[in-house]
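Colleague: Quick one: the structure is below, questions incoming.
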Number of protein chains: 2
Amino acid sequence: MITDAEVDRLFHALADATRRDILRRAVQGEFSVSRLAEAYPMSFAAVQKHVAVLESVGLVTKQRRGRELLVTSDRDVVDRARRALDELAEAWKGRVQRMADLLDEGH
Amino acid sequence: MITDAEVDRLFHALADATRRDILRRAVQGEFSVSRLAEAYPMSFAAVQKHVAVLESVGLVTKQRRGRELLVTSDRDVVDRARRALDELAEAWKGRVQRMADLLDEGH
DNA sequence: CTAACGTACAACCAAATGGTTGTATCAATC
DNA sequence: GATTGATACAACCATTTGGTTGTACGTTAG
């Protein structure tokens with residue numbers, strides 16, 4: 001069973017655009033942390049922390065190759081997750097629309 | 001189009017067990033904020049803030065009835081979202097399992 | 001009209017978040 | 001074995017978060 005605290009941490013991990021982008025890249029291939037760090041306008045340590053958050057909830061794993069640590073993610077699993085999230089986004093968009101409609105009715 | 005910032009806020013809204021519980025109740029029926037507040041071991045103002053977070057991302061709306069404000073949510077939309085999230089949870093659980101396996105292999 | 005209920009909102013606080021820089025470690029290369 | 005590249009980790013800082021209490025505002029019931 002997944003505990004509430006775990007769901008908290010999962011959603012929290014996904015509630016950051018940089019982390020979602022790292023996850024996207026990790027699904028498409030294997031990148032060292034320093035390679036990933038080049039892609040974002042922040043320090044290496046900051047990216048390292050983001051990777052750690054993703055790793056702590058199991059969305060990403062690290063594997064040693066030479067002196068690099070490759071960040072990777074299971075394509076099947078995350079693809080399913082991505083599709084689920086797309087659905088969520090769609091549902092949410094609909095909700096916002098209904099809200100806007102309600103606000104208009106007020107006038 | 002949904003912006004990154006909006007997705008950030010959506011996930012953040014869902015990354016709290018109390019807020020998810022409020023959302024669940026709001027899907028099942030209409031509850032005034034004070035009625036909701038009775039259900040949690042925290043102050044009325046704290047629950048008020050949680051509702052405000054859900055409202056700000058459109059997961060919940062408020063409607064006046066008498067002197068109460070009823071918190072409600074669109075059942076269809078949130079049902080779809082819930083199903084999407086269940087899928088995500090399943091996918092995530094699988095991911096964690098694979099991680100555990102990898103850790104075991106290490107020994 | 002006034003008392004009581006439901007809500008809003010501000011001020012405040014402790015803890016967590018997201019970022020920084022600096023130092024240490026560890027593996028490969030020369 | 002010394003140097004270099006990749007990573008880890010700690011200390012620090014500003015901001016946000018989740019909680020508190022207190023006060024003010026609407027709305028309804030007597």
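Naming scheme: A, B, ... for chains in displayed order of the structure tokens; residues 1 onward per chain; ligands 1 onward as shown.
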With a cut-off of 10 Å and counting only C-alpha atoms (C1' of nucleotides), select all residues of chain B in contact with chain C and give the selection as a PyMOL selection string.
Modeller: chain B and resi 32-34+44-45+48+66-69
Colleague: Where in chain A does DSSP assign strand (DSSP E or B), given as a PyMOL selection string?
Modeller: chain A and resi 31-32+61-65+68-72
Colleague: Go ahead and save the picked residues with N, CA and C atoms, as a PDB file, in the first residue's frame.
Modeller:
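What landed in result_16.pdb:
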```pdb
ATOM      1  N   PHE A  31      21.551  10.242 -18.981  1.00  0.00           N
ATOM      2  CA  PHE A  31      22.346  11.457 -18.890  1.00  0.00           C
ATOM      3  C   PHE A  31      23.071  11.496 -17.559  1.00  0.00           C
ATOM      4  N   SER A  32      24.329  11.895 -17.586  1.00  0.00           N
ATOM      5  CA  SER A  32      25.033  12.112 -16.324  1.00  0.00           C
ATOM      6  C   SER A  32      24.463  13.365 -15.674  1.00  0.00           C
ATOM      7  N   THR A  61      16.528   6.459 -11.330  1.00  0.00           N
ATOM      8  CA  THR A  61      17.609   5.744 -10.643  1.00  0.00           C
ATOM      9  C   THR A  61      18.948   6.186 -11.220  1.00  0.00           C
ATOM     10  N   LYS A  62      20.006   5.921 -10.476  1.00  0.00           N
ATOM     11  CA  LYS A  62      21.330   6.277 -10.951  1.00  0.00           C
ATOM     12  C   LYS A  62      22.177   5.017 -11.089  1.00  0.00           C
ATOM     13  N   GLN A  63      22.980   5.012 -12.160  1.00  0.00           N
ATOM     14  CA  GLN A  63      23.856   3.869 -12.407  1.00  0.00           C
ATOM     15  C   GLN A  63      25.248   4.378 -12.711  1.00  0.00           C
ATOM     16  N   ARG A  64      26.231   3.743 -12.138  1.00  0.00           N
ATOM     17  CA  ARG A  64      27.594   4.176 -12.400  1.00  0.00           C
ATOM     18  C   ARG A  64      28.053   3.696 -13.770  1.00  0.00           C
ATOM     19  N   ARG A  65      28.694   4.602 -14.534  1.00  0.00           N
ATOM     20  CA  ARG A  65      29.414   4.173 -15.725  1.00  0.00           C
ATOM     21  C   ARG A  65      30.680   4.997 -15.767  1.00  0.00           C
ATOM     22  N   GLU A  68      31.107   8.630 -14.243  1.00  0.00           N
ATOM     23  CA  GLU A  68      29.831   9.336 -14.268  1.00  0.00           C
ATOM     24  C   GLU A  68      28.732   8.522 -13.585  1.00  0.00           C
ATOM     25  N   LEU A  69      27.713   9.225 -13.127  1.00  0.00           N
ATOM     26  CA  LEU A  69      26.514   8.554 -12.650  1.00  0.00           C
ATOM     27  C   LEU A  69      25.402   8.883 -13.630  1.00  0.00           C
ATOM     28  N   LEU A  70      24.895   7.852 -14.293  1.00  0.00           N
ATOM     29  CA  LEU A  70      23.866   8.084 -15.293  1.00  0.00           C
ATOM     30  C   LEU A  70      22.493   8.063 -14.660  1.00  0.00           C
ATOM     31  N   VAL A  71      21.746   9.132 -14.924  1.00  0.00           N
ATOM     32  CA  VAL A  71      20.374   9.221 -14.434  1.00  0.00           C
ATOM     33  C   VAL A  71      19.471   8.605 -15.484  1.00  0.00           C
ATOM     34  N   THR A  72      18.661   7.684 -15.077  1.00  0.00           N
ATOM     35  CA  THR A  72      17.793   7.016 -16.037  1.00  0.00           C
ATOM     36  C   THR A  72      16.452   6.708 -15.395  1.00  0.00           C
TER      37      THR A  72
END
```
Colleague: Let's have chain A fitted on chain B; use all the C-alpha atoms paired in order for the least-squares step and return it as a short mmCIF file (atom, residue, chain, number, x, y, z; two decimals) with C-alpha atoms, in the first residue's frame.
Modeller:
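After the write, superposed.cif holds the following:
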```cif
data_model
loop_
_atom_site.label_atom_id
_atom_site.label_comp_id
_atom_site.auth_asym_id
_atom_site.auth_seq_id
_atom_site.Cartn_x
_atom_site.Cartn_y
_atom_site.Cartn_z
CA MET A 1 -2.35 25.64 -23.10
CA ILE A 2 -1.45 24.86 -19.54
CA THR A 3 1.74 26.55 -18.43
CA ASP A 4 4.48 24.95 -16.39
CA ALA A 5 3.63 27.27 -13.51
CA GLU A 6 0.03 26.05 -13.55
CA VAL A 7 1.12 22.41 -13.50
CA ASP A 8 3.44 23.28 -10.62
CA ARG A 9 0.51 24.66 -8.68
CA LEU A 10 -1.78 21.78 -9.57
CA PHE A 11 0.67 19.17 -8.31
CA HIS A 12 1.46 21.26 -5.29
CA ALA A 13 -2.24 21.47 -4.47
CA LEU A 14 -2.43 17.67 -4.59
CA ALA A 15 0.75 17.13 -2.58
CA ASP A 16 -1.02 17.41 0.76
CA ALA A 17 -3.08 14.64 2.33
CA THR A 18 -5.54 17.05 3.96
CA ARG A 19 -6.20 18.78 0.64
CA ARG A 20 -6.68 15.46 -1.14
CA ASP A 21 -9.15 14.44 1.56
CA ILE A 22 -11.05 17.73 1.24
CA LEU A 23 -11.18 17.16 -2.51
CA ARG A 24 -12.54 13.65 -1.98
CA ARG A 25 -15.31 15.00 0.23
CA ALA A 26 -16.09 17.86 -2.14
CA VAL A 27 -16.55 15.34 -4.94
CA GLN A 28 -19.03 13.32 -2.92
CA GLY A 29 -21.17 16.22 -1.82
CA GLU A 30 -21.38 19.80 -0.71
CA PHE A 31 -19.84 20.83 2.56
CA SER A 32 -19.50 24.22 4.17
CA VAL A 33 -15.99 25.22 5.14
CA SER A 34 -16.83 25.01 8.84
CA ARG A 35 -18.28 21.52 8.34
CA LEU A 36 -15.06 20.47 6.65
CA ALA A 37 -13.00 22.11 9.38
CA GLU A 38 -14.66 19.86 11.98
CA ALA A 39 -13.11 16.85 10.29
CA TYR A 40 -9.49 17.83 10.76
CA PRO A 41 -7.29 18.36 13.80
CA MET A 42 -6.39 21.91 12.90
CA SER A 43 -7.86 25.38 13.12
CA PHE A 44 -10.68 26.66 10.96
CA ALA A 45 -8.28 29.15 9.34
CA ALA A 46 -5.90 26.36 8.37
CA VAL A 47 -8.68 24.42 6.61
CA GLN A 48 -9.78 27.66 5.00
CA LYS A 49 -6.29 28.02 3.52
CA HIS A 50 -6.32 24.47 2.19
CA VAL A 51 -9.67 25.10 0.49
CA ALA A 52 -8.26 28.31 -0.97
CA VAL A 53 -5.35 26.39 -2.50
CA LEU A 54 -7.72 23.88 -4.11
CA GLU A 55 -9.92 26.71 -5.31
CA SER A 56 -7.02 28.65 -6.80
CA VAL A 57 -6.17 25.79 -9.14
CA GLY A 58 -9.82 25.19 -10.02
CA LEU A 59 -10.21 21.80 -8.36
CA VAL A 60 -12.97 23.14 -6.15
CA THR A 61 -15.50 25.96 -6.26
CA LYS A 62 -17.52 27.72 -3.60
CA GLN A 63 -21.20 28.59 -3.75
CA ARG A 64 -23.17 30.65 -1.32
CA ARG A 65 -26.18 29.08 0.37
CA GLY A 66 -27.59 31.19 3.13
CA ARG A 67 -24.70 32.26 5.28
CA GLU A 68 -22.63 29.24 4.41
CA LEU A 69 -20.21 28.80 1.55
CA LEU A 70 -20.51 25.32 0.12
CA VAL A 71 -17.35 23.74 -1.19
CA THR A 72 -18.06 21.53 -4.14
CA SER A 73 -16.33 19.92 -7.05
CA ASP A 74 -17.31 18.57 -10.43
CA ARG A 75 -17.78 14.85 -10.03
CA ASP A 76 -17.06 13.89 -13.65
CA VAL A 77 -13.92 15.92 -13.93
CA VAL A 78 -12.44 14.83 -10.63
CA ASP A 79 -13.43 11.22 -11.20
CA ARG A 80 -11.39 11.26 -14.38
CA ALA A 81 -8.56 12.90 -12.50
CA ARG A 82 -8.80 10.34 -9.72
CA ARG A 83 -8.60 7.46 -12.18
CA ALA A 84 -5.59 9.07 -13.83
CA LEU A 85 -3.94 9.43 -10.45
CA ASP A 86 -4.67 5.83 -9.53
CA GLU A 87 -2.85 4.82 -12.68
CA LEU A 88 0.01 7.05 -11.71
CA ALA A 89 0.14 5.53 -8.26
CA GLU A 90 0.22 2.04 -9.76
CA ALA A 91 3.01 3.00 -12.13
CA TRP A 92 4.92 4.55 -9.30
CA LYS A 93 4.53 1.48 -7.12
CA GLY A 94 6.00 -0.61 -9.93
CA ARG A 95 8.91 1.73 -10.17
CA VAL A 96 9.66 1.48 -6.50
CA GLN A 97 9.57 -2.30 -6.74
CA ARG A 98 12.13 -2.25 -9.55
CA MET A 99 14.32 -0.02 -7.45
CA ALA A 100 14.13 -2.42 -4.54
CA ASP A 101 15.08 -5.25 -6.90
CA LEU A 102 18.08 -3.33 -8.13
CA LEU A 103 19.21 -2.69 -4.59
CA ASP A 104 18.95 -6.39 -3.80
CA GLU A 105 21.03 -7.29 -6.82
CA GLY A 106 23.83 -5.23 -5.35
CA HIS A 107 24.41 -7.84 -2.62
#
```
Colleague: Run DSSP on the backbone and grab whatever in chain B lands in helix (DSSP H, G or I); send it over as a VMD selection string.
Modeller: chain B and resid 4 to 14 17 to 28 33 to 38 44 to 56 75 to 105
Colleague: List every residue of chain D that has an atom at most 9 Å from any atom of chain A, giving for each one its closest atom pair and the distance in Å to one decimal, counting only C-alpha atoms (C1' of nucleotides), sorted by chain and then by ascending residue number, as CSV.
Modeller:
```
residue,atom,partner,partner_atom,distance
D:DG5,C1',A:Arg67,CA,7.9
D:DA6,C1',A:Glu68,CA,5.7
D:DT7,C1',A:Leu69,CA,7.8
```
Colleague: Could you write those residues out with N, CA and C atoms (P, O5', C5', C4', C3', O3' and C1' of nucleotides), as an mmCIF file, in the first residue's frame?
Modeller:
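Output below, filename selection-v8.cif:
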```cif
data_model
loop_
_atom_site.group_PDB
_atom_site.id
_atom_site.type_symbol
_atom_site.label_atom_id
_atom_site.label_comp_id
_atom_site.auth_asym_id
_atom_site.auth_seq_id
_atom_site.Cartn_x
_atom_site.Cartn_y
_atom_site.Cartn_z
ATOM 1 P P DG D 5 39.534 18.442 -16.304
ATOM 2 O "O5'" DG D 5 38.302 17.445 -16.134
ATOM 3 C "C5'" DG D 5 38.380 16.156 -16.728
ATOM 4 C "C4'" DG D 5 37.273 15.290 -16.172
ATOM 5 C "C3'" DG D 5 35.927 16.002 -16.083
ATOM 6 O "O3'" DG D 5 34.937 15.067 -16.478
ATOM 7 C "C1'" DG D 5 36.558 15.229 -13.938
ATOM 8 P P DA D 6 33.425 15.493 -16.513
ATOM 9 O "O5'" DA D 6 32.857 14.810 -15.190
ATOM 10 C "C5'" DA D 6 32.776 13.387 -15.153
ATOM 11 C "C4'" DA D 6 32.044 12.970 -13.900
ATOM 12 C "C3'" DA D 6 30.725 13.725 -13.665
ATOM 13 O "O3'" DA D 6 29.720 12.782 -13.349
ATOM 14 C "C1'" DA D 6 32.125 13.887 -11.765
ATOM 15 P P DT D 7 28.276 13.229 -12.941
ATOM 16 O "O5'" DT D 7 28.377 13.165 -11.341
ATOM 17 C "C5'" DT D 7 28.712 11.925 -10.738
ATOM 18 C "C4'" DT D 7 28.964 12.114 -9.264
ATOM 19 C "C3'" DT D 7 27.755 12.604 -8.470
ATOM 20 O "O3'" DT D 7 27.349 11.542 -7.633
ATOM 21 C "C1'" DT D 7 29.769 13.650 -7.781
#
```
